[in-house]
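*Asks:* This one is protein-v5.txt, compact mmCIF, C-alpha atoms.
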# COMPACT_ATOMS: atom_id res chain seq x y z
CA ASN C 73 0.00 0.00 0.00
CA LEU C 74 1.20 3.49 -0.93
CA TYR C 75 -0.29 6.86 -0.04
CA GLY C 76 0.22 9.12 -3.04
CA GLY C 77 3.10 8.75 -5.52
CA TYR C 78 4.37 6.56 -8.33
CA LEU C 79 4.88 2.83 -7.99
CA ILE C 80 7.33 2.54 -10.91
CA TYR C 81 8.98 5.64 -12.36
CA PRO C 82 11.73 5.31 -15.03
CA ASN C 83 12.98 8.84 -14.36
CA GLY C 84 15.22 11.12 -16.37
CA ALA C 85 15.07 12.14 -20.01
CA GLY C 86 16.76 9.52 -22.11
CA CYS C 87 15.83 6.44 -20.05
CA HIS C 88 15.63 3.65 -22.57
CA ASP C 89 15.56 -0.08 -23.21
CA ILE C 90 13.84 -0.99 -19.96
CA ASP C 91 11.56 -4.02 -19.58
CA VAL C 92 8.94 -4.08 -16.83
CA THR C 93 7.27 -7.48 -16.83
CA ASN C 94 4.98 -9.65 -14.71
CA ASN C 95 4.51 -7.26 -11.78
CA ASP C 96 1.45 -6.63 -9.64
CA LEU C 97 1.20 -2.85 -9.07
CA LYS C 98 -1.68 -2.20 -6.73
CA ASN C 99 -3.37 -0.41 -3.85
CA CYS C 100 -2.33 3.22 -3.94
CA HIS C 101 -4.41 5.58 -1.77
CA ASP C 102 -5.30 9.19 -2.43
CA ILE C 103 -4.25 11.26 0.58
CA ASP C 104 -6.70 14.09 -0.12
CA SER C 105 -8.49 15.69 -3.05
CA MET C 106 -5.26 17.28 -4.36
CA SER C 107 -3.18 14.08 -4.39
CA ASN C 108 -3.15 11.16 -6.72
CA CYS C 109 -1.35 7.92 -7.51
CA LEU C 110 0.17 6.56 -10.70
CA GLY C 111 0.89 2.89 -11.22
CA THR C 112 3.74 3.95 -13.48
CA ALA C 113 4.99 7.17 -15.06
CA ASN C 114 7.96 8.08 -17.25
CA SER C 115 9.84 11.22 -18.18
CA PRO C 116 9.66 13.01 -21.54
CA GLY C 117 12.46 11.75 -23.74
CA SER C 118 12.30 8.18 -22.46
CA HIS C 119 12.10 5.58 -25.20
CA HIS C 120 11.94 1.87 -25.86
CA LEU C 121 10.16 0.98 -22.63
CA ASN C 122 8.33 -2.35 -22.62
CA PHE C 123 5.54 -2.93 -20.10
CA ILE C 124 4.41 -6.51 -20.59
CA GLY C 125 2.27 -8.88 -18.56
CA ASN C 126 1.65 -6.63 -15.55
CA LYS C 127 -1.41 -6.08 -13.39
CA ILE C 128 -1.94 -2.39 -12.60
CA HIS C 129 -4.94 -1.79 -10.40
CA ASP C 130 -6.62 -0.01 -7.53
CA MET C 131 -4.89 3.31 -8.06
CA GLY C 132 -6.78 5.99 -6.17
CA ILE C 133 -8.34 4.10 -3.29
CA GLY C 134 -10.50 6.56 -1.37
CA ALA C 135 -11.12 8.87 -4.34
CA VAL C 136 -14.31 10.92 -4.09
CA SER C 137 -16.33 12.78 -6.68
CA GLY C 138 -15.18 16.33 -7.37
CA GLN C 139 -11.63 16.07 -6.06
CA GLY C 140 -8.75 17.93 -7.72
CA PHE C 141 -6.86 14.96 -9.16
CA TYR C 142 -7.53 11.32 -9.87
CA SER C 143 -5.23 8.33 -10.16
CA TYR C 144 -4.09 6.67 -13.37
CA GLY C 145 -2.80 3.22 -14.13
CA MET C 146 -0.12 4.64 -16.44
CA TYR C 147 1.00 8.20 -17.21
CA TRP C 148 2.87 8.05 -20.49
CA HIS C 149 5.36 10.45 -22.18
CA ALA C 150 7.77 7.94 -23.77
CA ASP C 151 8.42 7.16 -27.45
CA ASP C 152 8.85 3.92 -29.38
CA SER C 153 7.49 1.74 -26.59
CA LEU C 154 5.23 -1.27 -26.13
CA ILE C 155 2.37 -1.76 -23.65
CA GLU C 156 1.18 -5.33 -24.07
CA ASN C 157 -0.71 -8.11 -22.28
CA ASN C 158 -1.42 -6.07 -19.16
CA GLU C 159 -4.55 -6.03 -17.02
CA ILE C 160 -5.36 -2.44 -16.02
CA TYR C 161 -8.38 -2.10 -13.77
CA ASN C 162 -10.09 -0.37 -10.84
CA ASN C 163 -8.33 2.97 -11.31
CA SER C 164 -10.19 6.17 -10.44
CA GLY C 165 -8.83 8.03 -13.48
CA TYR C 166 -7.47 6.98 -16.87
CA GLY C 167 -6.18 3.47 -17.39
CA ILE C 168 -3.48 4.89 -19.70
CA HIS C 169 -3.00 8.66 -19.92
CA MET C 170 -0.73 9.34 -22.91
CA TYR C 171 -0.32 13.08 -22.54
CA ASN C 172 2.45 15.35 -23.73
CA ILE C 173 2.94 19.08 -24.29
CA TRP C 174 6.47 18.95 -25.75
CA PRO C 175 7.13 18.69 -29.51
CA ASP C 176 8.16 15.37 -31.07
CA LEU C 177 7.54 13.26 -27.96
CA ALA C 178 5.08 10.49 -27.05
CA ASP C 179 5.30 9.09 -30.59
CA ASN C 180 5.35 5.60 -32.11
CA ASN C 181 3.92 3.70 -29.14
CA ILE C 182 1.90 0.48 -29.39
CA ILE C 183 -0.87 -0.47 -26.94
CA ARG C 184 -2.08 -3.98 -27.72
CA ASN C 185 -3.55 -7.15 -26.25
CA ASN C 186 -4.48 -5.50 -22.94
CA ILE C 187 -7.60 -5.79 -20.79
CA PHE C 188 -9.08 -2.62 -19.27
CA ASP C 189 -11.88 -2.94 -16.74
CA ASN C 190 -13.55 -0.47 -14.37
CA ASN C 191 -11.42 2.61 -15.02
CA GLY C 192 -12.28 6.30 -14.97
CA PHE C 193 -15.34 6.40 -12.76
CA GLY C 194 -13.92 9.05 -10.44
CA LYS C 195 -13.10 11.46 -13.25
CA GLY C 196 -15.35 10.32 -16.08
CA ALA C 197 -12.13 9.41 -17.88
CA SER C 198 -11.29 7.05 -20.71
CA ALA C 199 -9.64 3.68 -20.34
CA ILE C 200 -7.09 4.79 -22.96
CA LEU C 201 -6.14 8.37 -23.81
CA LEU C 202 -4.03 7.98 -26.96
CA GLY C 203 -1.84 10.60 -28.56
CA ALA C 204 -2.93 13.63 -26.54
CA GLY C 205 0.19 15.30 -27.82
CA GLY C 206 1.78 12.54 -29.91
CA SER C 207 1.86 10.96 -33.34
CA TYR C 208 1.92 7.52 -34.96
CA ASN C 209 0.62 5.72 -31.89
CA GLU C 210 -1.55 2.63 -32.23
CA ALA C 211 -4.10 0.91 -29.99
CA TYR C 212 -5.35 -2.46 -31.17
CA ASN C 213 -6.51 -5.88 -29.96
CA ASN C 214 -7.57 -4.44 -26.59
CA ILE C 215 -10.66 -5.25 -24.55
CA VAL C 216 -12.13 -2.18 -22.88
CA TYR C 217 -15.18 -2.45 -20.65
CA ASN C 218 -16.90 -0.75 -17.75
CA THR C 219 -15.43 2.73 -18.22
CA GLY C 220 -16.51 5.99 -16.59
CA GLY C 221 -15.98 8.08 -19.74
CA ALA C 222 -15.26 7.23 -23.36
CA GLY C 223 -13.79 3.81 -24.00
CA ILE C 224 -10.86 5.17 -26.02
CA SER C 225 -10.03 8.85 -26.63
CA VAL C 226 -7.57 10.31 -29.14
CA GLY C 227 -6.04 13.77 -28.83
CA GLY C 228 -7.95 16.71 -27.44
CA TYR C 229 -5.35 17.80 -24.90
CA GLY C 230 -1.64 18.56 -24.80
CA GLY C 231 0.32 19.13 -27.99
CA PRO C 232 -0.56 18.29 -31.61
CA SER C 233 -1.93 14.84 -32.33
CA ASP C 234 -1.77 13.23 -35.75
CA ASN C 235 -1.61 9.91 -37.59
CA ASN C 236 -2.76 7.79 -34.65
CA LYS C 237 -4.67 4.54 -35.14
CA VAL C 238 -7.43 2.77 -33.19
CA TYR C 239 -8.45 -0.57 -34.67
CA ASN C 240 -9.66 -4.05 -33.76
CA ASN C 241 -10.64 -3.19 -30.20
CA THR C 242 -13.69 -4.45 -28.31
CA ILE C 243 -15.28 -1.61 -26.33
CA VAL C 244 -18.27 -2.38 -24.10
CA ASN C 245 -20.26 -0.57 -21.42
CA SER C 246 -18.59 2.85 -21.34
CA LEU C 247 -20.69 5.64 -19.88
CA GLY C 248 -19.44 7.94 -22.64
CA PRO C 249 -18.99 7.28 -26.35
CA CYS C 250 -17.24 4.20 -27.61
CA ILE C 251 -14.47 6.33 -29.16
CA GLN C 252 -13.86 10.06 -28.66
CA LEU C 253 -11.75 12.08 -31.10
CA GLY C 254 -10.71 15.47 -29.73
CA SER C 255 -12.29 17.77 -27.17
CA GLU C 256 -13.53 21.32 -26.82
CA TYR C 257 -9.88 22.40 -26.76
CA SER C 258 -8.37 20.71 -29.80
CA GLY C 259 -8.71 17.74 -32.11
CA PRO C 260 -6.42 15.16 -33.69
CA ASP C 261 -5.60 15.07 -37.39
CA ALA C 262 -5.50 12.05 -39.69
CA THR C 263 -6.85 9.45 -37.24
CA LEU C 264 -7.68 5.94 -38.44
CA VAL C 265 -10.56 4.19 -36.65
CA LYS C 266 -11.67 0.84 -38.03
CA ASN C 267 -12.77 -2.72 -37.23
CA ASN C 268 -13.75 -1.92 -33.64
CA ILE C 269 -16.72 -3.41 -31.80
CA CYS C 270 -18.80 -0.79 -29.96
CA TRP C 271 -21.58 -2.26 -27.84
CA GLN C 272 -23.74 -0.99 -24.97
CA ASN C 273 -21.79 2.24 -24.55
CA GLY C 274 -23.32 5.65 -23.91
CA LEU C 275 -22.87 6.18 -27.65
CA ASP C 276 -22.02 3.22 -29.85
CA ASP C 277 -20.21 5.36 -32.36
CA ILE C 278 -17.39 7.87 -32.76
CA ARG C 279 -17.82 11.32 -31.25
CA SER C 280 -15.69 13.95 -32.94
CA GLU C 281 -14.79 17.42 -31.64
CA LYS C 282 -12.39 19.55 -33.69
CA ALA C 283 -10.93 16.42 -35.31
CA THR C 284 -9.85 16.63 -38.94
CA ASP C 285 -9.26 14.07 -41.69
CA ILE C 286 -10.90 11.11 -39.93
CA SER C 287 -10.78 7.73 -41.65
CA ALA C 288 -13.46 5.58 -40.02
CA ASP C 289 -14.98 2.41 -41.44
CA HIS C 290 -16.18 -1.07 -40.57
CA ASN C 291 -16.83 -0.28 -36.92
CA PHE C 292 -19.46 -2.71 -35.66
CA THR C 293 -22.32 -1.33 -33.55
CA SER C 294 -24.90 -4.15 -33.60
CA ASP C 295 -25.12 -7.04 -31.14
CA PRO C 296 -21.79 -8.86 -31.69
CA MET C 297 -23.01 -12.05 -29.97
CA PHE C 298 -20.24 -12.53 -27.44
CA VAL C 299 -19.69 -16.02 -26.09
CA ASN C 300 -20.38 -14.88 -22.51
CA LEU C 301 -20.71 -11.13 -21.95
CA ALA C 302 -21.69 -11.48 -18.29
CA GLY C 303 -18.69 -13.74 -17.67
CA GLY C 304 -16.23 -11.48 -19.50
CA ASP C 305 -15.66 -13.74 -22.53
CA PHE C 306 -15.62 -11.40 -25.52
CA HIS C 307 -14.91 -14.00 -28.17
CA LEU C 308 -17.57 -14.07 -30.87
CA ALA C 309 -20.11 -16.88 -30.92
CA SER C 310 -20.75 -18.93 -34.03
CA GLY C 311 -23.20 -17.11 -36.27
CA SER C 312 -22.13 -13.61 -35.24
CA ALA C 313 -22.22 -11.12 -38.09
CA ALA C 314 -19.08 -9.56 -36.59
CA LEU C 315 -17.04 -12.60 -37.68
CA THR C 316 -17.03 -11.33 -41.26
CA ALA C 317 -17.52 -7.58 -40.79
CA SER C 318 -13.97 -6.18 -41.07
CA ASP C 319 -12.59 -4.20 -43.99
CA SER C 320 -10.91 -7.41 -45.21
CA GLY C 321 -13.98 -9.59 -44.68
CA GLY C 322 -12.64 -11.09 -41.45
CA GLU C 323 -13.40 -10.64 -37.78
CA VAL C 324 -13.77 -7.28 -36.10
CA GLY C 325 -12.93 -6.58 -32.47
CA ALA C 326 -10.08 -7.53 -30.17
CA PHE C 327 -9.55 -11.01 -31.61
CA GLY C 328 -9.77 -9.99 -35.25
CA SER C 329 -6.17 -8.98 -35.97
CA GLY C 330 -3.47 -10.94 -34.20
CA SER C 331 -3.85 -13.09 -31.11
CA GLY C 332 -5.89 -10.75 -28.91
CA PRO C 333 -5.62 -10.45 -25.13
CA THR C 334 -5.55 -13.38 -22.76
CA LEU C 335 -8.85 -13.40 -20.91
CA LYS C 336 -8.98 -13.37 -17.14
CA ASP C 337 -9.33 -16.84 -15.64
CA THR C 338 -12.63 -16.80 -13.76
CA THR C 339 -12.69 -20.54 -13.13
CA PRO C 340 -13.04 -21.25 -9.38
CA PRO C 341 -10.07 -23.12 -7.90
CA SER C 342 -10.37 -26.84 -7.50
CA VAL C 343 -10.49 -27.91 -3.86
CA SER C 344 -9.95 -31.49 -2.80
CA ILE C 345 -10.72 -32.57 0.78
CA THR C 346 -9.47 -35.96 1.92
Taking this structure as input, can you express it in the form of structure tokens?
*Replies:*
Amino acid sequence: NLYGGYLIYPNGAGCHDIDVTNNDLKNCHDIDSMSNCLGTANSPGSHHLNFIGNKIHDMGIGAVSGQGFYSYGMYWHADDSLIENNEIYNNSGYGIHMYNIWPDLADNNIIRNNIFDNNGFGKGASAILLGAGGSYNEAYNNIVYNTGGAGISVGGYGGPSDNNKVYNNTIVNSLGPCIQLGSEYSGPDATLVKNNICWQNGLDDIRSEKATDISADHNFTSDPMFVNLAGGDFHLASGSAALTASDSGGEVGAFGSGSGPTLKDTTPPSVSIT
């Protein structure tokens, strides 16, 4: 347990080639309404950081509505990095907050094969904020559900945002829109949004504010027929129209391009009494 602060912080501009794998980062408490926690943060200028196979959860224990700051699973400035196969859940603010105000930073990152659950309810935040000051970032093959704001947001804050991609994600049960491009302050340019499943969100579509040159197609907004929605199995059942709904005629959603995330094991443990 930590009261305010960062659990992992690769500090200093120029930190690079660092792997953070198979950790359980958890249980950080807000001290008061002006404090917050971050599961991990990095400095501008960091690059080639790999966060793989971690659990990052329960950042912002004790958060209340209306406080000054909320707690994020990850606060991201780095370039050329990979965020893969993580479970990011129960955070009062953003799951991943990729925000940058400096030029030519927070570029060329990949967020893939992750599971995001129950993020953003303190702030009304997204599970993923992508390229809010950053270019050529990609988010794909992620499962995003139970989010207090938009499922995935692109741009809208920080520096210029352009040429980012959001594709083959499964986004379910966000209070806000499935995907948000831009904000009242600014919008991204040249964003690709395709082959995503949007289901039972506040808006099963893309909401755009001040975004320019959007390429959006083959996003699926009908019942995708998940194998077990209540049980968190977002594979598509036989007969689902989403199995052949992508731009290439294949499957849309988190399992439609590449391997997709590894689902949480909800099987009760086997107990033997002798």
*Asks:* Which one is closest to C:Gly165: C:Arg184, C:Lys282, C:His149, C:His129? Count all atoms listed in the file.
*Replies:*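 Nearest to C:Gly165: C:His129.
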*Asks:* Quick one: residues within 8 Å of (0.4, 17.1, -32.9) (file frame), counting all atoms listed in the file, please, as a list of chain:residue names.
*Replies:* C:Pro175, C:Ala204, C:Gly205, C:Gly206, C:Ser207, C:Gly231, C:Pro232, C:Ser233, C:Asp234, C:Pro260, C:Asp261
*Asks:* If I take atom CA of C:Pro116 and atom CA of C:Asp285, how far is one from the other in Å, to one decimal?
*Replies:* 27.7 Å
*Asks:* If you count only C-alpha atoms, which residues fall within 7 Å of C:Gly254, apart from same-chain ones fewer than 4 positions away, as a compact mmCIF listing (two decimals) with C-alpha atoms, keeping the file's coordinate frame?
*Replies:*
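selection-v5.txt was written with the following content:
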# COMPACT_ATOMS: atom_id res chain seq x y z
CA VAL C 226 -7.57 10.31 -29.14
CA GLY C 227 -6.04 13.77 -28.83
CA GLY C 228 -7.95 16.71 -27.44
CA SER C 258 -8.37 20.71 -29.80
CA GLY C 259 -8.71 17.74 -32.11
CA PRO C 260 -6.42 15.16 -33.69
CA SER C 280 -15.69 13.95 -32.94
CA GLU C 281 -14.79 17.42 -31.64
CA LYS C 282 -12.39 19.55 -33.69
CA ALA C 283 -10.93 16.42 -35.31
*Asks:* Using all atoms listed in the file, which residue out of C:Gly140, C:Gly221, C:Gly274, C:Gly117 lies closest to C:Ser153?
*Replies:*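 So, comparing all the options, the nearest one is C:Gly117.
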*Asks:* Please compute the atom CA of C:Arg279-atom CA of C:Cys250 distance, one decimal, in Å.
*Replies:*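 Computing the Euclidean distance for atom CA of C:Arg279 and atom CA of C:Cys250 yields 8.0 Å.
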*Asks:* List the neighbours of stretch 325-332 of chain C out to 9 Å using all atoms listed in the file; skip same-chain residues closer than 4 positions along the sequence, and give me the result as a PyMOL selection string.
*Replies:* chain C and resi 157+184-186+212-215+239-243+267-270+291-292+306-308+314-315+318
*Asks:* So, with only C-alpha atoms as the atoms that count, which of C:Ala313, C:Tyr208, C:Ser198, C:Phe141 lies closest to C:Ile251?
*Replies:*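 Selected residue with least distance to C:Ile251: C:Ser198.
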*Asks:* Any idea what the distance is between atom CA of C:Tyr166 and atom CA of C:Asp319?
*Replies:* 29.8 Å
*Asks:* List as a PDB file with C-alpha atoms, keeping the file's coordinate frame the protein and nucleic acid residues near C:Tyr217, meaning an atom at most 12 Å away when only C-alpha atoms are counted, but skip any in the same chain fewer than 4 places from it.
*Replies:*
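Okay, this is what ended up in selection.pdb:
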ATOM      1  CA  GLU C 159      -4.550  -6.030 -17.020  1.00  0.00           C
ATOM      2  CA  ILE C 160      -5.360  -2.440 -16.020  1.00  0.00           C
ATOM      3  CA  TYR C 161      -8.380  -2.100 -13.770  1.00  0.00           C
ATOM      4  CA  ASN C 162     -10.090  -0.370 -10.840  1.00  0.00           C
ATOM      5  CA  GLY C 167      -6.180   3.470 -17.390  1.00  0.00           C
ATOM      6  CA  ASN C 186      -4.480  -5.500 -22.940  1.00  0.00           C
ATOM      7  CA  ILE C 187      -7.600  -5.790 -20.790  1.00  0.00           C
ATOM      8  CA  PHE C 188      -9.080  -2.620 -19.270  1.00  0.00           C
ATOM      9  CA  ASP C 189     -11.880  -2.940 -16.740  1.00  0.00           C
ATOM     10  CA  ASN C 190     -13.550  -0.470 -14.370  1.00  0.00           C
ATOM     11  CA  ASN C 191     -11.420   2.610 -15.020  1.00  0.00           C
ATOM     12  CA  GLY C 192     -12.280   6.300 -14.970  1.00  0.00           C
ATOM     13  CA  PHE C 193     -15.340   6.400 -12.760  1.00  0.00           C
ATOM     14  CA  SER C 198     -11.290   7.050 -20.710  1.00  0.00           C
ATOM     15  CA  ALA C 199      -9.640   3.680 -20.340  1.00  0.00           C
ATOM     16  CA  ILE C 200      -7.090   4.790 -22.960  1.00  0.00           C
ATOM     17  CA  GLY C 221     -15.980   8.080 -19.740  1.00  0.00           C
ATOM     18  CA  ALA C 222     -15.260   7.230 -23.360  1.00  0.00           C
ATOM     19  CA  GLY C 223     -13.790   3.810 -24.000  1.00  0.00           C
ATOM     20  CA  ILE C 224     -10.860   5.170 -26.020  1.00  0.00           C
ATOM     21  CA  ASN C 241     -10.640  -3.190 -30.200  1.00  0.00           C
ATOM     22  CA  THR C 242     -13.690  -4.450 -28.310  1.00  0.00           C
ATOM     23  CA  ILE C 243     -15.280  -1.610 -26.330  1.00  0.00           C
ATOM     24  CA  VAL C 244     -18.270  -2.380 -24.100  1.00  0.00           C
ATOM     25  CA  ASN C 245     -20.260  -0.570 -21.420  1.00  0.00           C
ATOM     26  CA  SER C 246     -18.590   2.850 -21.340  1.00  0.00           C
ATOM     27  CA  LEU C 247     -20.690   5.640 -19.880  1.00  0.00           C
ATOM     28  CA  GLY C 248     -19.440   7.940 -22.640  1.00  0.00           C
ATOM     29  CA  PRO C 249     -18.990   7.280 -26.350  1.00  0.00           C
ATOM     30  CA  CYS C 250     -17.240   4.200 -27.610  1.00  0.00           C
ATOM     31  CA  ILE C 269     -16.720  -3.410 -31.800  1.00  0.00           C
ATOM     32  CA  CYS C 270     -18.800  -0.790 -29.960  1.00  0.00           C
ATOM     33  CA  TRP C 271     -21.580  -2.260 -27.840  1.00  0.00           C
ATOM     34  CA  GLN C 272     -23.740  -0.990 -24.970  1.00  0.00           C
ATOM     35  CA  ASN C 273     -21.790   2.240 -24.550  1.00  0.00           C
ATOM     36  CA  GLY C 274     -23.320   5.650 -23.910  1.00  0.00           C
ATOM     37  CA  LEU C 301     -20.710 -11.130 -21.950  1.00  0.00           C
ATOM     38  CA  ALA C 302     -21.690 -11.480 -18.290  1.00  0.00           C
ATOM     39  CA  GLY C 304     -16.230 -11.480 -19.500  1.00  0.00           C
ATOM     40  CA  ASP C 305     -15.660 -13.740 -22.530  1.00  0.00           C
ATOM     41  CA  PHE C 306     -15.620 -11.400 -25.520  1.00  0.00           C
ATOM     42  CA  ALA C 326     -10.080  -7.530 -30.170  1.00  0.00           C
TER      43      ALA C 326
END
